[in-house]
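Data from data-v2.txt: compact mmCIF, C-alpha atoms and all ligand atoms
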# COMPACT_ATOMS: atom_id res chain seq x y z
CA MET R 18 7.37 34.03 12.20
CA SER R 19 6.59 32.31 8.91
CA SER R 20 7.25 28.60 8.51
CA THR R 21 9.56 27.36 5.77
CA ARG R 22 6.60 25.85 3.93
CA GLU R 23 4.65 29.08 4.21
CA THR R 24 7.58 31.08 2.87
CA PHE R 25 8.09 28.59 0.04
CA LEU R 26 4.45 28.71 -0.97
CA ARG R 27 4.33 32.49 -0.84
CA ASP R 28 7.52 32.86 -2.87
CA SER R 29 6.44 30.30 -5.43
CA GLU R 30 3.02 31.76 -6.04
CA ALA R 31 2.31 33.39 -9.37
CA PRO R 32 1.88 37.17 -9.41
CA GLY R 33 -1.62 38.06 -8.29
CA THR R 34 -2.06 34.87 -6.30
CA GLN R 35 -3.38 35.42 -2.79
CA ALA R 36 -1.30 34.32 0.17
CA SER R 37 -1.69 30.65 1.05
CA ASN R 38 -3.78 29.72 4.09
CA VAL R 39 -1.37 27.11 5.44
CA SER R 40 -1.34 28.56 8.95
CA ARG R 41 -5.04 29.16 9.41
CA GLN R 42 -7.15 27.01 11.70
CA TRP R 43 -9.72 24.64 10.31
CA SER R 44 -11.90 21.77 11.48
CA PHE R 45 -13.78 18.93 9.85
CA TYR R 46 -16.87 17.24 11.26
CA ASN R 47 -19.33 14.70 9.94
CA PRO R 48 -21.24 12.37 12.29
CA VAL R 49 -23.09 10.25 9.71
CA GLN R 50 -22.49 6.51 10.00
CA VAL R 51 -22.06 5.22 6.44
CA THR R 52 -22.60 1.68 5.18
CA PHE R 53 -21.63 1.25 1.53
CA GLY R 54 -21.84 -1.65 -0.89
CA GLY R 55 -23.98 -3.92 -3.00
CA GLY R 56 -26.73 -5.40 -0.87
CA ALA R 57 -26.30 -2.81 1.90
CA LEU R 58 -30.07 -2.39 1.90
CA SER R 59 -30.27 -5.69 3.76
CA ARG R 60 -29.04 -3.89 6.90
CA ILE R 61 -32.22 -1.84 7.17
CA SER R 62 -33.86 -4.13 9.73
CA GLU R 63 -30.84 -3.91 12.00
CA LEU R 64 -30.72 -0.11 11.67
CA VAL R 65 -34.42 0.49 12.30
CA ASP R 66 -34.07 -1.93 15.22
CA GLY R 67 -37.74 -2.18 16.05
CA ARG R 68 -38.33 1.56 16.23
CA ARG R 69 -41.62 3.09 15.05
CA TYR R 70 -40.69 4.59 11.71
CA VAL R 71 -42.08 6.57 8.82
CA LEU R 72 -41.10 5.64 5.28
CA VAL R 73 -40.60 8.50 2.81
CA THR R 74 -40.20 7.60 -0.84
CA TYR R 75 -41.56 8.12 -4.35
CA GLY R 76 -44.81 6.55 -5.48
CA ASP R 77 -43.86 4.94 -8.78
CA PRO R 78 -43.64 1.15 -9.19
CA HIS R 79 -39.82 1.04 -9.13
CA PHE R 80 -39.77 2.58 -5.66
CA ARG R 81 -42.78 0.62 -4.46
CA GLU R 82 -40.81 -2.54 -5.13
CA ILE R 83 -37.79 -1.35 -3.11
CA ALA R 84 -40.10 0.01 -0.39
CA ALA R 85 -41.69 -3.42 -0.14
CA ARG R 86 -38.25 -4.90 0.53
CA VAL R 87 -37.65 -2.31 3.27
CA ILE R 88 -41.02 -3.09 4.87
CA ALA R 89 -40.51 -6.86 4.61
CA SER R 90 -37.22 -6.44 6.45
CA ALA R 91 -37.89 -3.63 8.94
CA GLY R 92 -41.57 -4.18 9.62
CA GLU R 93 -44.67 -2.15 8.87
CA PRO R 94 -44.10 1.64 9.10
CA LEU R 95 -46.45 4.00 10.92
CA VAL R 96 -47.15 5.70 7.62
CA VAL R 97 -45.74 5.76 4.07
CA ILE R 98 -45.30 9.21 2.51
CA ASP R 99 -44.82 8.55 -1.17
CA ASP R 100 -45.99 11.71 -2.90
CA VAL R 101 -42.60 13.49 -2.84
CA SER R 102 -42.09 15.77 -5.81
CA PRO R 103 -38.82 17.09 -7.28
CA ASN R 104 -37.59 20.28 -5.59
CA PRO R 105 -40.01 19.93 -2.62
CA SER R 106 -42.10 23.07 -2.23
CA PHE R 107 -43.87 24.74 0.67
CA VAL R 108 -47.19 23.37 -0.59
CA SER R 109 -46.12 19.75 -1.03
CA LEU R 110 -44.15 19.76 2.24
CA ALA R 111 -47.13 21.08 4.19
CA THR R 112 -49.13 18.11 2.89
CA SER R 113 -46.39 15.63 3.77
CA CYS R 114 -45.91 17.09 7.26
CA ALA R 115 -49.64 16.80 7.90
CA LEU R 116 -49.39 13.09 7.09
CA LEU R 117 -46.54 12.76 9.59
CA GLY R 118 -48.74 14.37 12.24
CA PHE R 119 -51.55 11.88 11.65
CA PRO R 120 -50.29 8.74 13.45
CA ALA R 121 -51.46 8.33 17.01
CA GLU R 122 -47.90 7.46 18.01
CA SER R 123 -45.01 9.71 17.12
CA PRO R 124 -42.27 8.19 14.96
CA GLU R 125 -38.90 7.25 16.40
CA ALA R 126 -37.15 7.20 13.02
CA ILE R 127 -37.65 8.29 9.43
CA VAL R 128 -36.42 6.09 6.59
CA ALA R 129 -35.79 8.15 3.44
CA LEU R 130 -35.64 5.98 0.31
CA GLY R 131 -35.00 8.01 -2.83
CA GLY R 132 -33.06 10.90 -4.31
CA GLY R 133 -32.22 14.30 -2.88
CA SER R 134 -35.83 15.46 -2.86
CA VAL R 135 -36.86 12.49 -0.70
CA ILE R 136 -33.98 12.91 1.76
CA ASP R 137 -34.56 16.67 1.95
CA THR R 138 -38.27 16.04 2.56
CA ALA R 139 -37.34 13.63 5.36
CA LYS R 140 -35.24 16.38 6.98
CA VAL R 141 -38.15 18.81 6.85
CA LEU R 142 -40.44 16.14 8.32
CA SER R 143 -37.89 15.52 11.06
CA ALA R 144 -37.81 19.20 12.02
CA SER R 145 -41.55 19.80 11.62
CA SER R 146 -42.96 17.32 14.16
CA GLY R 147 -45.91 17.11 11.80
CA ASP R 148 -46.48 20.86 11.49
CA PHE R 149 -44.84 22.51 8.48
CA GLU R 150 -45.74 25.96 9.80
CA ARG R 151 -42.94 25.54 12.37
CA VAL R 152 -40.41 25.06 9.57
CA ARG R 153 -41.88 27.82 7.40
CA ARG R 154 -41.75 30.26 10.30
CA TYR R 155 -38.12 29.36 11.02
CA LEU R 156 -37.10 29.72 7.37
CA VAL R 157 -39.04 32.85 6.45
CA ASP R 158 -39.35 34.74 9.73
CA HIS R 159 -36.17 33.38 11.41
CA GLU R 160 -38.25 32.59 14.48
CA GLY R 161 -39.31 29.53 16.48
CA GLU R 162 -36.11 27.50 16.46
CA GLU R 163 -37.05 26.07 19.87
CA ALA R 164 -40.23 24.59 18.35
CA LEU R 165 -38.35 22.51 15.80
CA GLY R 166 -38.11 18.78 16.38
CA SER R 167 -35.57 16.14 15.48
CA VAL R 168 -36.41 12.57 14.48
CA PRO R 169 -33.41 10.38 13.50
CA ILE R 170 -33.14 9.76 9.75
CA ILE R 171 -31.86 6.69 7.95
CA ALA R 172 -31.05 7.85 4.41
CA ILE R 173 -31.02 5.37 1.52
CA PRO R 174 -30.03 7.31 -1.61
CA THR R 175 -31.19 5.88 -4.93
CA THR R 176 -29.32 8.44 -7.03
CA ALA R 177 -25.59 9.17 -7.04
CA GLY R 178 -25.19 12.89 -6.70
CA THR R 179 -27.16 14.76 -4.08
CA GLY R 180 -24.91 14.13 -1.09
CA SER R 181 -27.90 14.89 1.14
CA GLU R 182 -27.32 11.60 2.97
CA VAL R 183 -24.25 13.14 4.65
CA THR R 184 -25.27 16.79 5.07
CA CYS R 185 -27.33 18.57 7.73
CA TRP R 186 -29.40 20.75 5.42
CA ALA R 187 -32.32 20.52 3.03
CA SER R 188 -33.31 22.66 0.05
CA VAL R 189 -36.84 23.98 0.40
CA TRP R 190 -38.50 25.82 -2.48
CA ASP R 191 -41.19 28.47 -2.17
CA THR R 192 -42.18 28.28 -5.80
CA GLY R 193 -45.02 30.78 -5.34
CA ALA R 194 -42.63 33.48 -4.15
CA GLY R 195 -39.78 32.29 -6.40
CA ARG R 196 -37.43 31.69 -3.47
CA LYS R 197 -35.21 28.84 -2.36
CA TYR R 198 -34.40 28.29 1.30
CA SER R 199 -31.95 26.04 3.08
CA LEU R 200 -33.12 24.38 6.28
CA SER R 201 -29.84 23.84 8.07
CA ARG R 202 -29.50 22.41 11.56
CA PRO R 203 -26.78 20.25 13.13
CA ASN R 204 -29.34 17.66 14.28
CA LEU R 205 -30.47 17.04 10.69
CA TYR R 206 -27.42 14.96 9.79
CA PRO R 207 -28.86 11.53 9.07
CA GLU R 208 -28.11 8.98 11.74
CA HIS R 209 -27.08 6.51 9.06
CA ALA R 210 -26.52 6.52 5.28
CA LEU R 211 -27.10 3.19 3.55
CA VAL R 212 -25.44 3.59 0.15
CA ASP R 213 -26.25 0.61 -2.04
CA PRO R 214 -25.08 1.17 -5.66
CA GLU R 215 -27.43 -1.58 -6.86
CA LEU R 216 -30.31 0.80 -6.12
CA THR R 217 -29.02 3.24 -8.76
CA LEU R 218 -29.13 0.64 -11.55
CA GLY R 219 -32.58 1.64 -12.74
CA MET R 220 -31.78 5.32 -13.19
CA PRO R 221 -32.30 6.59 -16.77
CA ARG R 222 -29.45 8.35 -18.60
CA MET R 223 -30.69 11.91 -18.06
CA LEU R 224 -31.07 11.43 -14.29
CA THR R 225 -27.74 9.60 -14.10
CA VAL R 226 -25.92 12.43 -15.86
CA SER R 227 -27.62 15.31 -14.08
CA THR R 228 -27.14 13.86 -10.60
CA ALA R 229 -23.50 13.01 -11.33
CA LEU R 230 -22.93 16.58 -12.54
CA ASP R 231 -24.48 17.81 -9.30
CA ALA R 232 -21.83 15.80 -7.45
CA LEU R 233 -19.10 17.21 -9.71
CA SER R 234 -20.36 20.68 -8.85
CA HIS R 235 -20.36 19.85 -5.12
CA SER R 236 -16.74 18.75 -5.34
CA LEU R 237 -15.41 21.74 -7.33
CA GLU R 238 -17.53 24.16 -5.31
CA SER R 239 -15.97 22.85 -2.10
CA ILE R 240 -12.48 23.52 -3.48
CA TRP R 241 -12.98 27.13 -4.64
CA ASN R 242 -14.62 27.89 -1.34
CA VAL R 243 -13.67 30.19 1.54
CA ASN R 244 -14.45 27.26 3.89
CA ALA R 245 -12.20 24.74 2.14
CA ASN R 246 -9.77 22.74 4.26
CA PRO R 247 -7.30 19.94 3.46
CA VAL R 248 -9.76 17.18 4.36
CA SER R 249 -12.66 18.55 2.32
CA THR R 250 -10.37 19.30 -0.63
CA ASN R 251 -8.93 15.81 -0.53
CA PHE R 252 -12.43 14.28 -0.67
CA ALA R 253 -13.34 16.71 -3.46
CA VAL R 254 -10.26 15.96 -5.58
CA LEU R 255 -10.94 12.23 -5.40
CA ALA R 256 -14.61 12.76 -6.24
CA ALA R 257 -14.10 15.11 -9.18
CA SER R 258 -11.30 13.02 -10.70
CA GLU R 259 -13.45 9.92 -10.55
CA ILE R 260 -16.54 11.61 -12.00
CA LEU R 261 -14.56 13.02 -14.93
CA GLU R 262 -13.26 9.53 -15.65
CA VAL R 263 -16.30 7.36 -15.07
CA LEU R 264 -19.33 9.41 -16.10
CA PRO R 265 -18.75 9.35 -19.91
CA PRO R 266 -18.53 5.55 -20.11
CA LEU R 267 -21.33 5.12 -17.54
CA ALA R 268 -23.60 7.34 -19.64
CA THR R 269 -23.35 4.78 -22.44
CA ASP R 270 -23.39 1.68 -20.22
CA LEU R 271 -26.04 2.34 -17.59
CA ALA R 272 -26.25 -1.31 -16.56
CA SER R 273 -22.64 -1.46 -15.37
CA LEU R 274 -22.75 -2.11 -11.62
CA ALA R 275 -18.99 -1.54 -11.42
CA MET R 276 -19.29 1.98 -12.82
CA ARG R 277 -22.46 2.65 -10.80
CA SER R 278 -20.47 1.71 -7.72
CA ARG R 279 -17.61 4.04 -8.63
CA MET R 280 -20.07 6.88 -9.23
CA ALA R 281 -21.85 6.23 -5.93
CA THR R 282 -18.50 6.37 -4.15
CA ALA R 283 -17.59 9.62 -5.89
CA ALA R 284 -20.94 11.20 -5.04
CA LEU R 285 -20.51 10.17 -1.40
CA LEU R 286 -17.02 11.69 -1.28
CA ALA R 287 -18.31 14.90 -2.87
CA GLY R 288 -21.06 14.95 -0.25
CA LEU R 289 -18.53 14.60 2.56
CA ALA R 290 -16.47 17.41 1.01
CA PHE R 291 -19.26 19.96 0.76
CA SER R 292 -20.84 18.85 4.04
CA ASN R 293 -18.12 20.96 5.63
CA THR R 294 -17.83 23.83 3.15
CA ARG R 295 -21.29 24.14 1.60
CA THR R 296 -21.51 25.12 -2.03
CA ALA R 297 -20.51 28.36 -3.75
CA LEU R 298 -21.29 30.53 -6.77
CA ALA R 299 -22.37 27.83 -9.25
CA HIS R 300 -25.12 26.77 -6.86
CA SER R 301 -26.10 30.32 -5.95
CA LEU R 302 -26.37 31.03 -9.67
CA SER R 303 -28.37 27.86 -10.31
CA TYR R 304 -31.33 28.49 -8.03
CA PRO R 305 -33.07 31.22 -10.10
CA ILE R 306 -32.21 29.26 -13.26
CA THR R 307 -34.06 26.24 -11.85
CA LEU R 308 -36.93 28.32 -10.49
CA GLN R 309 -37.45 30.62 -13.49
CA TYR R 310 -36.28 28.49 -16.42
CA GLY R 311 -37.01 24.98 -15.17
CA VAL R 312 -33.46 23.69 -15.68
CA PRO R 313 -32.89 20.56 -13.54
CA HIS R 314 -30.65 21.22 -10.55
CA GLY R 315 -27.73 19.05 -11.68
CA LEU R 316 -27.51 20.85 -15.03
CA ALA R 317 -28.21 24.31 -13.65
CA CYS R 318 -25.37 24.04 -11.13
CA SER R 319 -22.82 22.52 -13.53
CA PHE R 320 -22.94 24.26 -16.90
CA SER R 321 -21.22 27.32 -15.38
CA LEU R 322 -18.32 25.30 -13.92
CA PRO R 323 -15.85 25.91 -16.81
CA MET R 324 -16.50 29.66 -16.56
CA LEU R 325 -15.89 29.62 -12.81
CA LEU R 326 -12.78 27.46 -13.17
CA ARG R 327 -11.36 29.99 -15.62
CA ALA R 328 -12.15 32.84 -13.21
CA VAL R 329 -10.63 31.22 -10.14
CA ILE R 330 -7.23 30.29 -11.55
CA GLY R 331 -4.50 32.05 -9.59
CA GLN R 332 -6.76 33.30 -6.82
CA ASP R 333 -5.53 31.00 -4.04
CA GLY R 334 -2.53 28.71 -3.83
CA GLU R 335 -4.30 25.82 -2.08
CA CYS R 336 -7.23 26.03 -4.47
CA ASP R 337 -4.91 25.95 -7.48
CA GLU R 338 -3.09 22.98 -5.98
CA GLY R 339 -6.33 21.06 -5.53
CA LEU R 340 -7.52 21.88 -9.04
CA ARG R 341 -4.17 20.82 -10.53
CA ARG R 342 -4.56 17.42 -8.87
CA ILE R 343 -7.75 17.05 -10.94
CA PHE R 344 -6.94 18.80 -14.21
CA GLY R 345 -3.13 18.73 -14.39
CA GLU R 346 -0.60 21.56 -14.31
CA ASP R 347 -2.22 23.65 -17.04
CA LEU R 348 -5.50 24.80 -15.54
CA LEU R 349 -6.49 26.70 -18.69
CA ALA R 350 -6.27 23.38 -20.49
CA GLY R 351 -8.49 22.11 -17.67
CA VAL R 352 -11.11 24.68 -18.67
CA VAL R 353 -11.08 23.22 -22.18
CA ARG R 354 -11.26 19.66 -20.81
CA LEU R 355 -14.19 20.51 -18.56
CA THR R 356 -15.99 22.29 -21.40
CA ASP R 357 -15.52 19.29 -23.69
CA PHE R 358 -16.54 16.88 -20.91
CA LEU R 359 -19.88 18.66 -20.44
CA THR R 360 -20.47 19.26 -24.15
CA ASP R 361 -19.81 15.62 -24.99
CA LEU R 362 -22.42 14.63 -22.39
CA GLY R 363 -24.89 16.89 -24.19
CA VAL R 364 -24.70 19.75 -21.70
CA SER R 365 -23.93 23.13 -23.25
CA VAL R 366 -21.85 25.53 -21.17
CA LEU R 367 -23.67 28.53 -22.63
CA ALA R 368 -26.58 29.92 -20.63
CA GLU R 369 -28.51 30.75 -23.81
CA ASP R 370 -28.69 27.05 -24.66
CA HIS R 371 -30.49 26.50 -21.34
CA GLY R 372 -33.01 29.19 -22.20
CA VAL R 373 -31.35 31.99 -20.21
CA PRO R 374 -30.66 35.13 -22.29
CA ARG R 375 -27.05 36.26 -22.01
CA ASP R 376 -27.83 39.67 -20.48
CA VAL R 377 -30.06 37.99 -17.89
CA PHE R 378 -27.31 35.48 -17.11
CA CYS R 379 -24.81 38.29 -16.44
CA ASP R 380 -27.32 39.96 -14.12
CA LEU R 381 -27.81 36.63 -12.34
CA ILE R 382 -24.03 36.35 -11.82
CA THR R 383 -24.04 39.72 -10.08
CA ALA R 384 -27.07 38.74 -7.99
CA ALA R 385 -25.53 35.34 -7.12
CA TYR R 386 -22.67 37.06 -5.30
CA ALA R 387 -25.19 38.49 -2.83
CA GLY R 388 -26.47 35.01 -1.93
CA GLU R 389 -25.17 33.10 1.07
CA ARG R 390 -23.57 30.46 -1.17
CA GLY R 391 -22.22 33.07 -3.57
CA ARG R 392 -20.19 34.63 -0.80
CA ASN R 393 -18.37 31.31 -0.36
CA PHE R 394 -16.75 31.66 -3.80
CA ILE R 395 -13.14 32.84 -3.70
CA GLY R 396 -13.09 34.43 -7.17
CA PRO R 397 -13.95 38.11 -7.77
CA LYS R 398 -17.01 39.06 -9.78
CA ASP R 399 -15.15 41.04 -12.44
CA LEU R 400 -13.08 37.95 -13.33
CA VAL R 401 -16.22 35.82 -13.60
CA LEU R 402 -17.76 38.35 -15.98
CA VAL R 403 -14.52 38.41 -18.01
CA ALA R 404 -14.55 34.59 -18.08
CA GLU R 405 -18.16 34.64 -19.25
CA GLU R 406 -17.19 37.02 -22.07
CA GLN R 407 -14.22 34.84 -23.07
CA GLN R 408 -16.28 31.68 -23.01
CA TRP R 409 -19.09 33.22 -25.01
CA ALA R 410 -16.65 34.59 -27.59
CA ALA R 411 -14.80 31.28 -27.87
CA LEU R 412 -17.90 29.17 -28.31
CA SER R 413 -19.84 31.57 -30.48
CA ARG R 414 -17.13 32.31 -33.08
CA PRO R 415 -15.83 29.58 -35.37
CA GLY R 416 -12.03 29.54 -35.44
CA ASP R 417 -11.43 30.70 -31.86
CA ASP R 418 -10.01 27.83 -29.82
CA ALA R 419 -9.73 29.58 -26.47
CA GLY R 420 -12.56 27.60 -24.94
CA ARG R 421 -12.65 24.31 -26.82
CA SER R 422 -10.33 21.72 -28.18
CA ASP R 423 -11.89 21.43 -31.63
CA SER R 424 -12.04 24.90 -33.11
CA THR R 425 -13.29 23.67 -36.47
CA THR R 426 -16.55 22.35 -35.08
CA PRO R 427 -19.44 24.71 -35.90
CA PRO R 428 -20.87 26.31 -32.75
CA ALA R 429 -24.30 24.82 -33.33
CA ASN R 430 -22.80 21.35 -33.06
CA ARG R 431 -20.94 22.25 -29.88
CA ARG R 432 -24.12 23.01 -28.03
CA SER R 433 -26.75 20.82 -26.45
CA LYS R 434 -26.93 17.50 -28.14
FE FE I 1 -26.33 20.49 -5.64

Using structure tokens, write down the structure that the file contains.
Ligand SMILES: [Fe+2]
Amino acid sequence: MSSTRETFLRDSEAPGTQASNVSRQWSFYNPVQVTFGGGALSRISELVDGRRYVLVTYGDPHFREIAARVIASAGEPLVVIDDVSPNPSFVSLATSCALLGFPAESPEAIVALGGGSVIDTAKVLSASSGDFERVRRYLVDHEGEEALGSVPIIAIPTTAGTGSEVTCWASVWDTGAGRKYSLSRPNLYPEHALVDPELTLGMPRMLTVSTALDALSHSLESIWNVNANPVSTNFAVLAASEILEVLPPLATDLASLAMRSRMATAALLAGLAFSNTRTALAHSLSYPITLQYGVPHGLACSFSLPMLLRAVIGQDGECDEGLRRIFGEDLLAGVVRLTDFLTDLGVSVLAEDHGVPRDVFCDLITAAYAGERGRNFIGPKDLVLVAEEQQWAALSRPGDDAGRSDSTTPPANRRSK
């Protein structure tokens, strides 16, 4: 028998809206111990607690300085792996794993100091036990799970966006074959996430914006997701609302520790949200755009968000409710707001402006639905393609205000700044 709330929601839904999921079962789990705040890095000695550890970081002077503080506090590591590259590939990971295998004594912990690529590399190192072939075999051949190891990870993010410090998976790129894999195992949740907003102060504008947009994508993607639940949606609503409010002023005041702190909190909340849902179509769509067109992950997974928001309106009562908490009652107006938000940050919402021809982009949308993440999206493909058409028409024709708030602005000026 239906509950009163269930009946109310069903009766109040707009025509075409799917039945609400109020009675379905759901669960939420995240085991990562989080320490947040300015100066949190000072806890590293206590967290390493005398264990033999490996330090994974970047090699430039900014990170060497922070790494020196870690070492001064936690002691000398077994080895420092500091040649991590963006979007860690099979080739670079094999080299890093070989370094991990070199010490005579095996590590008891891995300290990951850096952005998503560093934390993802640490997860691969943790699983590899110094032999990347074990990870490659598991990812490509779906064999050898019993050979994978697990070394506890202490994650210290230096960007605000990836969320990798609270998830149990890592993105691994086979650039030679043009494929992206996800190494996902429950024992890859970091043991501890040390989130110190002061560490994000040195980030340049482009990295600040792109990583924040990655977090915005994580939050929205966890709402329009078949795995969404009230806890994940609540985290996501808080995260997205905060990012929409704080990113524009932060982008012009990069030295503001107060705004850096708010962004770090939002990115953490977005990470907690999608740690339980994973991402959806925007991410599935982004991987070939990053691989084939070199668009940074945070931009590749966010410029399609207005299109997907337009497509998902009315598809699910709980999803609509979550999105209204972010964008207000009129979700079509939310599409305009999101479009303007991205455009004003210098991020065009048109694929062509990112170097992806329109016909290719439409083919990629179709292909993205076949991906594991694409299947998490609750909106149907035909509505996404209609939304793409509407968006393209609105932003390519002066005088049409369906997709922007200022219809008098010439299209060329609406695109990438
Ligand atoms: Fe992402």

Give me, as a PDB file with C-alpha atoms, in the coordinates of the input, the set of residues whose atoms come within 8 Å of any atom of ligand FE 1 (chain I), counting only C-alpha atoms and all ligand atoms.
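out-v4.pdb was written with the following content:
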ATOM      1  CA  GLY R 178     -25.190  12.890  -6.700  1.00  0.00           C
ATOM      2  CA  THR R 179     -27.160  14.760  -4.080  1.00  0.00           C
ATOM      3  CA  GLY R 180     -24.910  14.130  -1.090  1.00  0.00           C
ATOM      4  CA  ASP R 231     -24.480  17.810  -9.300  1.00  0.00           C
ATOM      5  CA  ALA R 232     -21.830  15.800  -7.450  1.00  0.00           C
ATOM      6  CA  SER R 234     -20.360  20.680  -8.850  1.00  0.00           C
ATOM      7  CA  HIS R 235     -20.360  19.850  -5.120  1.00  0.00           C
ATOM      8  CA  THR R 296     -21.510  25.120  -2.030  1.00  0.00           C
ATOM      9  CA  HIS R 300     -25.120  26.770  -6.860  1.00  0.00           C
ATOM     10  CA  HIS R 314     -30.650  21.220 -10.550  1.00  0.00           C
ATOM     11  CA  GLY R 315     -27.730  19.050 -11.680  1.00  0.00           C
ATOM     12  CA  CYS R 318     -25.370  24.040 -11.130  1.00  0.00           C
TER      13      CYS R 318
END

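The neighbours of region 164-176 of chain R here are the residues that come within 7 Å of it, using all atoms listed in the file and leaving out any residue fewer than 3 positions away in the same chain; they are R:Glu125, R:Ala126, R:Ile127, R:Val128, R:Ala129, R:Leu130, R:Gly131, R:Gly132, R:Ile136, R:Ser143, R:Ala144, R:Ser145, R:Ser146, R:Arg151, R:Gly161, R:Glu182, R:Asn204, R:Pro207, R:Glu208, R:His209, R:Ala210, R:Leu211, R:Val212, R:Leu216, R:Thr217, R:Thr228.
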
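Minimum atom-to-atom distance to Leu402 (chain R), evaluated using all atoms listed in the file, belongs to R:Ser321 out of R:Thr307, R:Ser239, R:Ser321, R:Ser365.
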
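Of the listed residues R:Phe252, R:Tyr310, R:Phe291, R:Phe107, the one whose atoms come nearest to Glu369 (chain R) is R:Tyr310, with distances taken using all atoms listed in the file.
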
I'd like the neighbourhood of Arg327 (chain R) as a short mmCIF file (atom, residue, chain, number, x, y, z; two decimals) with C-alpha atoms, in the frame of the given file, where a residue qualifies if any of its atoms comes within 7 Å (using only C-alpha atoms), though same-chain residues fewer than 6 positions away should be ignored.
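Contents of selection_13.cif, freshly written:
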data_model
loop_
_atom_site.label_atom_id
_atom_site.label_comp_id
_atom_site.auth_asym_id
_atom_site.auth_seq_id
_atom_site.Cartn_x
_atom_site.Cartn_y
_atom_site.Cartn_z
CA LEU R 349 -6.49 26.70 -18.69
CA VAL R 352 -11.11 24.68 -18.67
CA ALA R 404 -14.55 34.59 -18.08
#

Box in all listed atoms of region 286-294 of chain R, axis-aligned, with 4 Å more on each side; write out centre and edge lengths in Å to one decimal as AutoDock Vina command-line options.
--center_x -18.8 --center_y 17.8 --center_z 1.4 --size_x 12.6 --size_y 20.1 --size_z 16.5

- Between R:Gln50, R:Thr250, R:Ser123, R:Thr112, smallest distance to Cys336 (chain R) by all atoms listed in the file belongs to R:Thr250

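A straight line drawn from CA of Glu160 (chain R) to CA of Ser199 (chain R) is 14.6 Å long.
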
- Message: I want to know what sits within 9 Å of Tyr75 (chain R), based on only C-alpha atoms, with residues of the same chain fewer than 3 positions away left out; could you give that as number ranges by chain?
- Response: R: 78-81, 98-102, 130-132, 135

- Atom pair CA of Leu261 (chain R) / CA of Ser249 (chain R): separation (Å):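 That distance, rounded to one decimal, is 18.2 Å.
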
- Message: Just the number, please: distance in Å from CA of Gln408 (chain R) to CA of Leu367 (chain R), one decimal.
- Response: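 Value for the CA of Gln408 (chain R)-CA of Leu367 (chain R) distance: 8.0 Å.
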
- Given the choices R:Gly351, R:Gly345, R:Gly339, R:Pro203, which gets closest to Leu237 (chain R) if the distance is worked out from only C-alpha atoms?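 For Leu237 (chain R), the nearest of the given residues is R:Gly339.
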
- Residue among R:Arg86, R:Leu264, R:Phe45, R:Leu95 lying closest to Arg68 (chain R), counting all atoms listed in the file: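 Checking each candidate against Arg68 (chain R), we get R:Leu95 as the closest.
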